[in-house]
$ cat target-v2.csv   # CSV, C-alpha atoms
chain,number,residue,atom,x,y,z
Z,1,MET,CA,0.0,0.0,0.0
Z,2,LEU,CA,1.4,3.4,-0.9
Z,3,ASN,CA,1.9,6.1,1.6
Z,4,THR,CA,-0.1,9.2,0.8
Z,5,LEU,CA,-0.7,12.6,2.3
Z,6,ASN,CA,-3.3,14.8,0.6
Z,7,GLY,CA,-2.7,12.9,-2.6
Z,8,ASN,CA,1.1,13.3,-2.5
Z,9,TYR,CA,3.3,10.2,-2.1
Z,10,LEU,CA,5.8,10.2,0.7
Z,11,ASN,CA,8.1,7.3,-0.4
Z,12,SER,CA,11.0,9.1,-1.9
Z,13,LEU,CA,13.6,7.1,0.2
Z,14,ARG,CA,12.3,3.7,-1.0
Z,15,THR,CA,12.0,4.9,-4.6
Z,16,ALA,CA,15.6,6.4,-4.5
Z,17,VAL,CA,17.0,3.2,-3.1
Z,18,GLU,CA,15.2,1.1,-5.8
Z,19,ASN,CA,16.5,3.5,-8.5
Z,20,LYS,CA,20.1,3.4,-7.0
Z,21,GLU,CA,20.2,7.1,-6.6
Z,22,PHE,CA,22.8,8.9,-4.4
Z,23,LEU,CA,21.0,9.1,-1.1
Z,24,ILE,CA,20.9,12.0,1.3
Z,25,THR,CA,19.3,11.8,4.7
Z,26,ALA,CA,19.7,14.2,7.7
Z,27,GLU,CA,19.1,13.9,11.4
Z,28,VAL,CA,16.8,16.2,13.3
Z,29,MET,CA,16.2,15.9,17.1
Z,30,PRO,CA,12.7,15.9,18.5
Z,31,PRO,CA,12.0,18.7,21.0
Z,32,LYS,CA,12.6,18.3,24.7
Z,33,GLY,CA,9.1,19.4,25.6
Z,34,GLY,CA,5.7,19.7,23.9
Z,35,ASN,CA,6.4,22.3,21.3
Z,36,PRO,CA,7.6,20.9,17.9
Z,37,THR,CA,8.0,24.3,16.2
Z,38,HIS,CA,11.8,24.4,16.0
Z,39,MET,CA,12.0,20.7,14.8
Z,40,VAL,CA,9.5,21.4,12.1
Z,41,GLU,CA,11.3,24.6,11.0
Z,42,MET,CA,14.6,22.7,10.7
Z,43,ALA,CA,13.0,19.9,8.8
Z,44,GLN,CA,11.2,22.2,6.4
Z,45,GLN,CA,14.5,23.8,5.5
Z,46,LEU,CA,15.9,20.4,4.6
Z,47,LYS,CA,12.8,19.0,2.9
Z,48,ASP,CA,13.9,19.4,-0.7
Z,49,ARG,CA,17.5,18.5,-0.1
Z,50,VAL,CA,17.1,15.1,1.4
Z,51,HIS,CA,15.2,11.8,0.7
Z,52,GLY,CA,14.2,11.5,4.4
Z,53,ILE,CA,14.8,13.0,7.8
Z,54,ASN,CA,15.8,10.8,10.7
Z,55,ILE,CA,13.9,11.5,13.9
Z,56,THR,CA,16.0,10.2,16.8
Z,57,ASP,CA,14.8,8.0,19.6
Z,58,SER,CA,16.1,9.8,22.7
Z,59,SER,CA,19.7,9.5,21.3
Z,60,ARG,CA,22.4,9.0,23.9
Z,61,ALA,CA,19.6,8.1,26.3
Z,62,VAL,CA,18.7,11.8,26.7
Z,63,LEU,CA,15.0,12.4,27.0
Z,64,ARG,CA,13.2,13.8,23.9
Z,65,MET,CA,9.7,13.6,22.4
Z,66,SER,CA,8.5,10.3,21.2
Z,67,PRO,CA,10.0,9.7,17.7
Z,68,LEU,CA,6.7,8.2,16.6
Z,69,ALA,CA,4.8,11.4,17.5
Z,70,ALA,CA,7.6,13.6,16.1
Z,71,ALA,CA,7.6,11.6,12.8
Z,72,ALA,CA,3.8,11.9,12.5
Z,73,ILE,CA,4.1,15.7,13.0
Z,74,LEU,CA,6.7,15.9,10.2
Z,75,ARG,CA,4.5,13.9,7.9
Z,76,GLN,CA,1.6,16.2,8.6
Z,77,HIS,CA,3.8,18.9,7.1
Z,78,GLY,CA,4.6,16.8,4.0
Z,79,ILE,CA,8.1,15.9,5.2
Z,80,GLU,CA,9.2,12.3,4.8
Z,81,PRO,CA,10.5,10.9,8.2
Z,82,ILE,CA,12.7,8.0,9.0
Z,83,CYS,CA,11.6,7.0,12.5
Z,84,GLN,CA,14.3,5.6,14.7
Z,85,MET,CA,13.1,2.7,16.9
Z,86,ALA,CA,15.4,1.7,19.8
Z,87,CYS,CA,15.0,-1.4,21.9
Z,88,ARG,CA,16.3,0.2,25.1
Z,89,ASP,CA,13.0,1.5,26.4
Z,90,ARG,CA,10.4,-1.0,25.0
Z,91,ASN,CA,9.7,-4.7,25.2
Z,92,ARG,CA,8.5,-6.7,22.2
Z,93,ILE,CA,4.9,-5.9,22.9
Z,94,ALA,CA,5.5,-2.1,22.9
Z,95,LEU,CA,7.8,-2.3,19.9
Z,96,GLN,CA,5.1,-4.2,17.9
Z,97,ALA,CA,2.4,-1.8,19.0
Z,98,ASP,CA,4.5,1.2,17.9
Z,99,LEU,CA,5.4,-0.3,14.6
Z,100,MET,CA,1.8,-1.1,13.8
Z,101,GLY,CA,1.0,2.5,14.8
Z,102,ALA,CA,3.7,3.8,12.6
Z,103,HIS,CA,2.2,2.0,9.6
Z,104,ALA,CA,-1.3,3.3,10.4
Z,105,LEU,CA,0.0,6.9,10.6
Z,106,GLY,CA,1.6,6.5,7.2
Z,107,ILE,CA,5.2,6.4,8.5
Z,108,ARG,CA,7.0,3.8,6.4
Z,109,ASN,CA,10.7,4.3,7.0
Z,110,ILE,CA,12.1,2.7,10.2
Z,111,LEU,CA,15.7,2.6,11.5
Z,112,ALA,CA,16.1,-0.4,13.8
Z,113,LEU,CA,18.5,0.3,16.7
Z,114,THR,CA,19.5,-1.4,19.9
Z,115,GLY,CA,19.8,2.0,21.7
Z,116,ASP,CA,22.4,3.7,23.8
Z,117,PRO,CA,22.8,2.6,27.4
Z,118,VAL,CA,20.8,4.4,30.0
Z,119,LYS,CA,23.9,5.2,32.0
Z,120,ALA,CA,25.0,7.5,29.1
Z,121,GLY,CA,22.0,9.7,29.4
Z,122,ASP,CA,20.1,12.1,31.7
Z,123,HIS,CA,18.0,9.6,33.6
Z,124,VAL,CA,20.7,7.2,34.9
Z,125,GLU,CA,18.3,5.6,37.4
Z,126,ALA,CA,15.9,4.5,34.7
Z,127,LYS,CA,15.5,0.8,34.1
Z,128,SER,CA,16.7,-0.5,30.7
Z,129,VAL,CA,14.5,-3.0,28.8
Z,130,PHE,CA,16.6,-4.4,25.9
Z,131,ASP,CA,14.1,-7.3,25.5
Z,132,LEU,CA,15.4,-7.3,21.9
Z,133,GLU,CA,18.4,-5.9,20.1
Z,134,SER,CA,18.6,-4.5,16.6
Z,135,VAL,CA,19.0,-7.8,14.7
Z,136,ARG,CA,16.1,-9.3,16.5
Z,137,LEU,CA,14.1,-6.1,15.9
Z,138,LEU,CA,14.8,-6.4,12.2
Z,139,LYS,CA,13.5,-10.0,12.2
Z,140,LEU,CA,10.4,-8.8,14.1
Z,141,ILE,CA,9.7,-6.1,11.5
Z,142,HIS,CA,10.1,-8.8,8.8
Z,143,LYS,CA,7.4,-10.8,10.5
Z,144,LEU,CA,5.0,-7.9,10.8
Z,145,ASN,CA,5.5,-7.1,7.1
Z,146,HIS,CA,4.5,-10.7,6.3
Z,147,GLY,CA,1.4,-10.5,8.4
Z,148,VAL,CA,2.4,-12.3,11.6
Z,149,ASP,CA,3.4,-11.1,15.1
Z,150,ALA,CA,6.4,-12.1,17.2
Z,151,ASN,CA,4.6,-15.4,18.1
Z,152,ASP,CA,3.8,-16.2,14.5
Z,153,GLN,CA,0.1,-15.3,15.1
Z,154,PRO,CA,-1.7,-13.7,12.2
Z,155,LEU,CA,-2.2,-9.9,12.1
Z,156,ASN,CA,-6.0,-10.1,11.6
Z,157,ASP,CA,-6.2,-6.4,10.6
Z,158,GLY,CA,-3.5,-6.4,8.0
Z,159,ALA,CA,0.3,-6.7,7.6
Z,160,THR,CA,2.6,-3.7,7.9
Z,161,ASP,CA,4.5,-2.2,5.0
Z,162,LEU,CA,7.7,-0.9,6.7
Z,163,PHE,CA,10.9,0.0,4.9
Z,164,VAL,CA,13.6,-0.8,7.4
Z,165,GLY,CA,17.2,0.2,7.7
Z,166,ALA,CA,20.0,-0.4,10.2
Z,167,ALA,CA,23.0,1.3,11.6
Z,168,VAL,CA,26.6,0.2,10.8
Z,169,ASP,CA,30.0,1.3,12.2
Z,170,PRO,CA,32.8,0.7,9.6
Z,171,GLN,CA,35.3,1.9,12.2
Z,172,LEU,CA,34.5,-0.9,14.6
Z,173,ALA,CA,37.8,-2.2,16.1
Z,174,SER,CA,36.9,-5.9,15.3
Z,175,TRP,CA,36.9,-6.4,11.6
Z,176,SER,CA,35.4,-9.9,11.9
Z,177,GLY,CA,32.8,-8.6,14.3
Z,178,LEU,CA,31.9,-5.8,11.9
Z,179,GLN,CA,31.5,-8.2,9.0
Z,180,LYS,CA,29.4,-10.7,11.1
Z,181,ARG,CA,27.1,-8.0,12.5
Z,182,PHE,CA,26.6,-6.5,9.0
Z,183,GLU,CA,25.8,-9.8,7.5
Z,184,ARG,CA,23.3,-10.7,10.3
Z,185,LYS,CA,21.5,-7.4,9.7
Z,186,LEU,CA,21.3,-8.1,6.0
Z,187,GLU,CA,19.9,-11.6,6.6
Z,188,ALA,CA,17.4,-10.1,9.0
Z,189,GLY,CA,16.0,-7.8,6.3
Z,190,ALA,CA,17.8,-4.4,6.4
Z,191,GLU,CA,17.1,-2.5,3.1
Z,192,PHE,CA,19.6,0.3,3.8
Z,193,PHE,CA,22.4,1.3,6.2
Z,194,GLN,CA,23.3,4.5,7.9
Z,195,SER,CA,26.7,4.7,9.4
Z,196,GLN,CA,28.0,6.2,12.5
Z,197,LEU,CA,30.1,9.4,12.2
Z,198,ILE,CA,33.0,8.6,9.8
Z,199,THR,CA,36.4,10.0,10.4
Z,200,ASP,CA,38.6,7.3,8.7
Z,201,PHE,CA,37.6,7.3,5.1
Z,202,ASP,CA,40.3,4.7,4.2
Z,203,ARG,CA,38.6,2.4,6.6
Z,204,LEU,CA,35.2,3.2,5.0
Z,205,ALA,CA,36.7,2.4,1.6
Z,206,LYS,CA,38.0,-1.0,2.8
Z,207,PHE,CA,34.6,-1.7,4.4
Z,208,MET,CA,32.8,-0.9,1.1
Z,209,ASP,CA,35.3,-2.9,-1.0
Z,210,GLU,CA,35.5,-6.0,1.1
Z,211,ILE,CA,32.1,-6.2,2.8
Z,212,ALA,CA,29.3,-3.9,1.6
Z,213,ASN,CA,29.6,-3.4,-2.1
Z,214,SER,CA,28.6,-7.0,-3.0
Z,215,CYS,CA,25.4,-6.9,-0.9
Z,216,GLY,CA,23.3,-4.7,-3.1
Z,217,LYS,CA,22.1,-2.5,-0.3
Z,218,PRO,CA,23.0,1.1,0.0
Z,219,VAL,CA,25.3,2.4,2.7
Z,220,MET,CA,25.1,6.1,3.7
Z,221,ALA,CA,28.3,7.5,5.3
Z,222,GLY,CA,27.7,9.5,8.5
Z,223,ILE,CA,28.9,13.1,8.1
Z,224,PHE,CA,29.1,15.1,11.3
Z,225,LEU,CA,29.4,18.9,11.6
Z,226,LEU,CA,32.3,19.7,14.0
Z,227,LYS,CA,31.7,23.2,15.4
Z,228,SER,CA,35.1,23.8,17.0
Z,229,ALA,CA,38.3,22.1,18.2
Z,230,LYS,CA,36.8,21.8,21.6
Z,231,ASN,CA,33.7,20.1,20.1
Z,232,ALA,CA,36.0,17.6,18.3
Z,233,GLN,CA,38.0,16.9,21.4
Z,234,PHE,CA,34.8,16.3,23.4
Z,235,ILE,CA,33.6,13.7,20.8
Z,236,ASN,CA,37.0,11.9,20.9
Z,237,ARG,CA,36.6,11.7,24.7
Z,238,CYS,CA,33.0,10.8,24.9
Z,239,VAL,CA,31.9,8.9,21.8
Z,240,PRO,CA,33.2,5.3,21.7
Z,241,GLY,CA,34.9,4.2,18.5
Z,242,VAL,CA,35.4,7.7,17.2
Z,243,ASN,CA,38.8,9.2,16.6
Z,244,ILE,CA,38.8,12.6,14.9
Z,245,PRO,CA,42.3,13.0,13.5
Z,246,GLN,CA,44.6,15.6,15.0
Z,247,HIS,CA,45.0,17.4,11.6
Z,248,ILE,CA,41.2,18.1,11.6
Z,249,ILE,CA,41.4,19.4,15.2
Z,250,ASP,CA,44.3,21.6,14.2
Z,251,ARG,CA,42.4,23.1,11.3
Z,252,LEU,CA,39.5,23.9,13.6
Z,253,GLU,CA,41.8,25.4,16.2
Z,254,GLN,CA,43.7,27.6,13.8
Z,255,ALA,CA,40.6,28.8,11.9
Z,256,LYS,CA,39.4,32.4,12.3
Z,257,ASP,CA,35.8,31.1,12.1
Z,258,PRO,CA,35.8,27.5,13.4
Z,259,LEU,CA,32.2,26.9,12.6
Z,260,GLN,CA,32.7,27.9,9.0
Z,261,GLU,CA,35.8,25.7,8.8
Z,262,GLY,CA,33.8,22.8,10.2
Z,263,THR,CA,31.2,23.4,7.5
Z,264,ILE,CA,34.0,23.2,4.8
Z,265,ILE,CA,35.4,20.1,6.4
Z,266,ALA,CA,32.0,18.4,6.3
Z,267,ALA,CA,31.5,19.4,2.6
Z,268,GLU,CA,34.9,17.9,1.8
Z,269,GLN,CA,33.9,14.7,3.5
Z,270,VAL,CA,30.6,14.6,1.5
Z,271,GLN,CA,32.7,14.8,-1.7
Z,272,VAL,CA,34.9,11.9,-0.5
Z,273,ALA,CA,32.0,9.8,0.5
Z,274,ARG,CA,30.3,10.2,-2.9
Z,275,GLU,CA,33.3,8.3,-4.4
Z,276,LEU,CA,33.0,5.5,-2.0
Z,277,CYS,CA,29.3,4.7,-1.2
Z,278,GLN,CA,25.7,5.4,-2.2
Z,279,GLY,CA,24.8,8.2,0.1
Z,280,VAL,CA,25.5,10.4,3.1
Z,281,HIS,CA,23.7,10.8,6.4
Z,282,MET,CA,24.1,14.4,7.7
Z,283,MET,CA,24.3,15.2,11.4
Z,284,ALA,CA,24.6,18.8,12.7
Z,285,VAL,CA,23.4,18.8,16.2
Z,286,LYS,CA,21.6,22.0,17.1
Z,287,ARG,CA,22.7,23.5,13.7
Z,288,GLU,CA,20.7,21.5,11.3
Z,289,ASP,CA,20.3,24.8,9.2
Z,290,LEU,CA,23.9,24.5,8.2
Z,291,ILE,CA,23.3,21.2,6.4
Z,292,LEU,CA,22.1,23.2,3.4
Z,293,GLN,CA,25.3,25.1,3.3
Z,294,ILE,CA,27.4,21.9,3.6
Z,295,LEU,CA,25.5,20.3,0.7
Z,296,ASP,CA,25.8,23.4,-1.4
Z,297,LEU,CA,29.6,23.6,-0.8
Z,298,ALA,CA,29.9,19.9,-1.7
Z,299,GLY,CA,28.1,20.6,-5.0
Z,300,VAL,CA,25.2,18.3,-4.1
Z,301,ALA,CA,22.0,19.2,-6.1
Z,302,PRO,CA,18.6,19.2,-4.5
Z,303,VAL,CA,16.8,15.9,-4.6
Z,304,ARG,CA,13.7,17.8,-5.7
Z,305,GLU,CA,13.4,20.9,-7.9
Z,306,ILE,CA,13.2,24.0,-5.8
Z,307,PRO,CA,11.4,27.0,-7.4
Z,308,ALA,CA,13.5,30.1,-7.6
Z,309,TYR,CA,16.4,28.3,-6.0
Z,310,VAL,CA,19.5,30.4,-5.9
Z,311,ASN,CA,22.9,29.0,-5.0
Z,312,ASN,CA,25.5,31.6,-4.2
Z,313,LEU,CA,28.2,29.3,-2.9
Z,314,SER,CA,31.0,27.9,-4.9
Z,315,PRO,CA,31.7,24.1,-4.4
Z,316,VAL,CA,34.8,23.3,-2.4
Z,317,VAL,CA,37.6,21.5,-4.2
Z,318,VAL,CA,39.2,18.5,-2.6
Z,319,SER,CA,42.9,18.0,-3.4
Z,320,THR,CA,44.0,14.5,-4.2
$ encode --input "target-v2.csv" --output "structure tokens"
Amino acid sequence: MLNTLNGNYLNSLRTAVENKEFLITAEVMPPKGGNPTHMVEMAQQLKDRVHGINITDSSRAVLRMSPLAAAAILRQHGIEPICQMACRDRNRIALQADLMGAHALGIRNILALTGDPVKAGDHVEAKSVFDLESVRLLKLIHKLNHGVDANDQPLNDGATDLFVGAAVDPQLASWSGLQKRFERKLEAGAEFFQSQLITDFDRLAKFMDEIANSCGKPVMAGIFLLKSAKNAQFINRCVPGVNIPQHIIDRLEQAKDPLQEGTIIAAEQVQVARELCQGVHMMAVKREDLILQILDLAGVAPVREIPAYVNNLSPVVVST
């Protein structure tokens, strides 16, 4: 069944994947509170530049609005959401209930995640659930799409039609562990992959050449806007598996305008990623408005025609 809103189809991600287009997605955080205005404003700016907008599920275990509600709000504004669904806070009953609800609300794109540990967030005394993890969640969604629940009982009121993706971290220390986990997610039904923040593009190239290219499913490289040297150092300290190179930190530290330099660095990384994989997943925490500038600097065209669109920025040039 096609996903419609006022007669307009909202399935550009699935269509772009099927057409093997270069994919662009971006991440927008739901509000911490009941007012979605800022989230909607950020998403509307990105609407014509991306195939879908990820709505995070209390990322880093920090409380935010329900991703299901936030995704439904975006869809009401004609914006295609990718609803993240983490196992941390729900058992299999709640996960199935939310997934059926997503389908009923016209939300088709799901990113299946295990979820960050509670101890990393702002409610450290909360109880974790983790009834499932991401591979088992993928298998559960496969069942729902085929008309049965987790216990193989029929969905009497209709199967779901969810287009499901998964996360991947090409910079994982264990190469065999990375390969095994990726293959398990493929077998469980992942249709696309979004990577964690990429800093080692040689490692990404090796991952694509030796593991991902043969699978036929798109991988989107995670591109993260670094706002300053201090921001980069904080990420190195606090984000497991990420190692932002010293030469990047030096560039940010020496720049007259670190935020602008971070924008240029991100644009350069988009250009490199275009040569290696089938898409990019853009992350610019609290500065989602700068994603437009990054894409312009990288020379990435809008995914949809924008009336009276004017681009005053010259694309950056990456030296080889």
$ residues_around --input "target-v2.csv" --residues "Ala126 (chain Z)" --least-positions-apart "2" --cutoff "12 Å" --atoms "all atoms listed in the file" --output "list in words"
Ala61, Val62, Leu63, Arg88, Asp89, Pro117, Val118, Lys119, Ala120, Gly121, Asp122, His123, Val124, Ser128 and Val129 of chain Z
$ residues_around --input "target-v2.csv" --residues "Ile223 (chain Z)" --least-positions-apart "6" --cutoff "7 Å" --atoms "all atoms listed in the file" --output "MDAnalysis selection string"
chainID Z and resid 197:198 266 269:270 280:283
$ residues_around --input "target-v2.csv" --residues "Phe207 (chain Z)" --least-positions-apart "6" --cutoff "12 Å" --atoms "only C-alpha atoms" --output "MDAnalysis selection string"
chainID Z and resid 168:172 174:176 178:179 182 195 198 200:201 213:215 219 221 276:277
$ residues_near_point --input "target-v2.csv" --point "(21.6, 18.6, -3.4)" --cutoff "9 Å" --atoms "all atoms listed in the file" --output "PyMOL selection string"
chain Z and resi 24+48-50+292+295-296+298-304
$ atom_distance --input "target-v2.csv" --atom1 "CA of Gly165 (chain Z)" --atom2 "CA of Asp289 (chain Z)"
24.8 Å
$ atom_distance --input "target-v2.csv" --atom1 "CA of Arg203 (chain Z)" --atom2 "CA of Ile249 (chain Z)"
19.3 Å
$ closest_residue --input "target-v2.csv" --among "Z:Ile93, Z:Cys83, Z:Met29, Z:Leu259" --to "Met65 (chain Z)" --atoms "only C-alpha atoms"
Z:Met29
$ closest_residue --input "target-v2.csv" --among "Z:Lys227, Z:Arg92, Z:Arg60, Z:Lys185" --to "Asn151 (chain Z)" --atoms "all atoms listed in the file"
Z:Arg92
$ atom_distance --input "target-v2.csv" --atom1 "CA of Leu138 (chain Z)" --atom2 "CA of Gly177 (chain Z)"
18.3 Å
$ residues_around --input "target-v2.csv" --residues "Asp149 (chain Z)" --least-positions-apart "6" --cutoff "8 Å" --atoms "only C-alpha atoms" --output "number ranges by chain"
Z: 96, 140, 143, 155
$ closest_residue --input "target-v2.csv" --among "Z:Arg136, Z:His38, Z:Ala166, Z:His146" --to "Phe193 (chain Z)" --atoms "all atoms listed in the file"
Z:Ala166
$ residues_around --input "target-v2.csv" --residues "Gln233 (chain Z)" --least-positions-apart "3" --cutoff "12 Å" --atoms "only C-alpha atoms" --output "NGL selection string"
:Z and (226-230 or 236-239 or 242-246 or 248-250 or 252-253)
$ write_last_selection --input "target-v2.csv" --atoms "C-alpha atoms" --output "mmCIF file, in the coordinates of the input"
data_model
loop_
_atom_site.group_PDB
_atom_site.id
_atom_site.type_symbol
_atom_site.label_atom_id
_atom_site.label_comp_id
_atom_site.auth_asym_id
_atom_site.auth_seq_id
_atom_site.Cartn_x
_atom_site.Cartn_y
_atom_site.Cartn_z
ATOM 1 C CA LEU Z 226 32.300 19.700 14.000
ATOM 2 C CA LYS Z 227 31.700 23.200 15.400
ATOM 3 C CA SER Z 228 35.100 23.800 17.000
ATOM 4 C CA ALA Z 229 38.300 22.100 18.200
ATOM 5 C CA LYS Z 230 36.800 21.800 21.600
ATOM 6 C CA ASN Z 236 37.000 11.900 20.900
ATOM 7 C CA ARG Z 237 36.600 11.700 24.700
ATOM 8 C CA CYS Z 238 33.000 10.800 24.900
ATOM 9 C CA VAL Z 239 31.900 8.900 21.800
ATOM 10 C CA VAL Z 242 35.400 7.700 17.200
ATOM 11 C CA ASN Z 243 38.800 9.200 16.600
ATOM 12 C CA ILE Z 244 38.800 12.600 14.900
ATOM 13 C CA PRO Z 245 42.300 13.000 13.500
ATOM 14 C CA GLN Z 246 44.600 15.600 15.000
ATOM 15 C CA ILE Z 248 41.200 18.100 11.600
ATOM 16 C CA ILE Z 249 41.400 19.400 15.200
ATOM 17 C CA ASP Z 250 44.300 21.600 14.200
ATOM 18 C CA LEU Z 252 39.500 23.900 13.600
ATOM 19 C CA GLU Z 253 41.800 25.400 16.200
#
$ closest_residue --input "target-v2.csv" --among "Z:Asn91, Z:Gln194, Z:Thr160, Z:Asn35" --to "Val148 (chain Z)" --atoms "all atoms listed in the file"
Z:Thr160
$ residues_near_point --input "target-v2.csv" --point "(11.9, 14.1, 8.6)" --cutoff "7 Å" --atoms "all atoms listed in the file" --output "list in words"
Ala43, Gly52, Ile53, Asn54, Ile55, Ala71, Leu74, Ile79, Glu80, Pro81 and Ile82 of chain Z
$ write_last_selection --input "target-v2.csv" --atoms "C-alpha atoms" --output "short mmCIF file (atom, residue, chain, number, x, y, z; two decimals), in the coordinates of the input"
data_model
loop_
_atom_site.label_atom_id
_atom_site.label_comp_id
_atom_site.auth_asym_id
_atom_site.auth_seq_id
_atom_site.Cartn_x
_atom_site.Cartn_y
_atom_site.Cartn_z
CA ALA Z 43 13.00 19.90 8.80
CA GLY Z 52 14.20 11.50 4.40
CA ILE Z 53 14.80 13.00 7.80
CA ASN Z 54 15.80 10.80 10.70
CA ILE Z 55 13.90 11.50 13.90
CA ALA Z 71 7.60 11.60 12.80
CA LEU Z 74 6.70 15.90 10.20
CA ILE Z 79 8.10 15.90 5.20
CA GLU Z 80 9.20 12.30 4.80
CA PRO Z 81 10.50 10.90 8.20
CA ILE Z 82 12.70 8.00 9.00
#
$ closest_residue --input "target-v2.csv" --among "Z:Arg274, Z:Leu105, Z:Ile141, Z:Leu225" --to "Gly262 (chain Z)" --atoms "only C-alpha atoms"
Z:Leu225
$ closest_residue --input "target-v2.csv" --among "Z:Asp57, Z:His51, Z:Glu268, Z:Ser134" --to "Leu23 (chain Z)" --atoms "only C-alpha atoms"
Z:His51
$ decode --input "target-v2.csv" --residues "region 214-228 of chain Z" --atoms "N, CA, C and O atoms" --output "PDB file, in the first residue's frame"
ATOM      1  N   SER Z 214      29.172  -5.779  -2.331  1.00  0.00           N
ATOM      2  CA  SER Z 214      28.595  -6.967  -2.964  1.00  0.00           C
ATOM      3  C   SER Z 214      27.182  -7.272  -2.494  1.00  0.00           C
ATOM      4  O   SER Z 214      26.512  -8.133  -3.061  1.00  0.00           O
ATOM      5  N   CYS Z 215      26.708  -6.553  -1.469  1.00  0.00           N
ATOM      6  CA  CYS Z 215      25.420  -6.929  -0.867  1.00  0.00           C
ATOM      7  C   CYS Z 215      24.216  -6.344  -1.600  1.00  0.00           C
ATOM      8  O   CYS Z 215      23.099  -6.811  -1.419  1.00  0.00           O
ATOM      9  N   GLY Z 216      24.428  -5.305  -2.395  1.00  0.00           N
ATOM     10  CA  GLY Z 216      23.324  -4.714  -3.141  1.00  0.00           C
ATOM     11  C   GLY Z 216      22.443  -3.770  -2.353  1.00  0.00           C
ATOM     12  O   GLY Z 216      21.423  -3.296  -2.866  1.00  0.00           O
ATOM     13  N   LYS Z 217      22.820  -3.476  -1.108  1.00  0.00           N
ATOM     14  CA  LYS Z 217      22.055  -2.540  -0.283  1.00  0.00           C
ATOM     15  C   LYS Z 217      22.892  -1.280  -0.062  1.00  0.00           C
ATOM     16  O   LYS Z 217      24.096  -1.360   0.145  1.00  0.00           O
ATOM     17  N   PRO Z 218      22.260  -0.104  -0.096  1.00  0.00           N
ATOM     18  CA  PRO Z 218      23.027   1.145   0.021  1.00  0.00           C
ATOM     19  C   PRO Z 218      23.528   1.408   1.424  1.00  0.00           C
ATOM     20  O   PRO Z 218      22.860   1.098   2.416  1.00  0.00           O
ATOM     21  N   VAL Z 219      24.726   1.978   1.490  1.00  0.00           N
ATOM     22  CA  VAL Z 219      25.317   2.437   2.747  1.00  0.00           C
ATOM     23  C   VAL Z 219      25.463   3.953   2.663  1.00  0.00           C
ATOM     24  O   VAL Z 219      26.022   4.478   1.690  1.00  0.00           O
ATOM     25  N   MET Z 220      24.964   4.654   3.666  1.00  0.00           N
ATOM     26  CA  MET Z 220      25.108   6.104   3.748  1.00  0.00           C
ATOM     27  C   MET Z 220      26.148   6.442   4.808  1.00  0.00           C
ATOM     28  O   MET Z 220      26.009   6.035   5.969  1.00  0.00           O
ATOM     29  N   ALA Z 221      27.180   7.161   4.419  1.00  0.00           N
ATOM     30  CA  ALA Z 221      28.258   7.517   5.339  1.00  0.00           C
ATOM     31  C   ALA Z 221      27.810   8.639   6.262  1.00  0.00           C
ATOM     32  O   ALA Z 221      27.255   9.649   5.813  1.00  0.00           O
ATOM     33  N   GLY Z 222      28.063   8.481   7.542  1.00  0.00           N
ATOM     34  CA  GLY Z 222      27.700   9.503   8.515  1.00  0.00           C
ATOM     35  C   GLY Z 222      28.652  10.685   8.469  1.00  0.00           C
ATOM     36  O   GLY Z 222      29.855  10.530   8.702  1.00  0.00           O
ATOM     37  N   ILE Z 223      28.130  11.856   8.156  1.00  0.00           N
ATOM     38  CA  ILE Z 223      28.919  13.090   8.090  1.00  0.00           C
ATOM     39  C   ILE Z 223      28.463  14.003   9.214  1.00  0.00           C
ATOM     40  O   ILE Z 223      27.279  14.364   9.294  1.00  0.00           O
ATOM     41  N   PHE Z 224      29.400  14.378  10.071  1.00  0.00           N
ATOM     42  CA  PHE Z 224      29.072  15.119  11.292  1.00  0.00           C
ATOM     43  C   PHE Z 224      29.720  16.499  11.248  1.00  0.00           C
ATOM     44  O   PHE Z 224      30.921  16.615  10.985  1.00  0.00           O
ATOM     45  N   LEU Z 225      28.921  17.527  11.510  1.00  0.00           N
ATOM     46  CA  LEU Z 225      29.446  18.897  11.555  1.00  0.00           C
ATOM     47  C   LEU Z 225      30.182  19.125  12.874  1.00  0.00           C
ATOM     48  O   LEU Z 225      29.572  19.076  13.951  1.00  0.00           O
ATOM     49  N   LEU Z 226      31.484  19.373  12.785  1.00  0.00           N
ATOM     50  CA  LEU Z 226      32.292  19.734  13.952  1.00  0.00           C
ATOM     51  C   LEU Z 226      32.296  21.252  14.071  1.00  0.00           C
ATOM     52  O   LEU Z 226      32.659  21.955  13.128  1.00  0.00           O
ATOM     53  N   LYS Z 227      31.912  21.758  15.235  1.00  0.00           N
ATOM     54  CA  LYS Z 227      31.734  23.204  15.382  1.00  0.00           C
ATOM     55  C   LYS Z 227      32.993  23.922  15.851  1.00  0.00           C
ATOM     56  O   LYS Z 227      33.107  25.135  15.700  1.00  0.00           O
ATOM     57  N   SER Z 228      33.912  23.183  16.441  1.00  0.00           N
ATOM     58  CA  SER Z 228      35.126  23.785  16.990  1.00  0.00           C
ATOM     59  C   SER Z 228      36.100  22.674  17.366  1.00  0.00           C
ATOM     60  O   SER Z 228      35.728  21.494  17.410  1.00  0.00           O
TER      61      SER Z 228
END
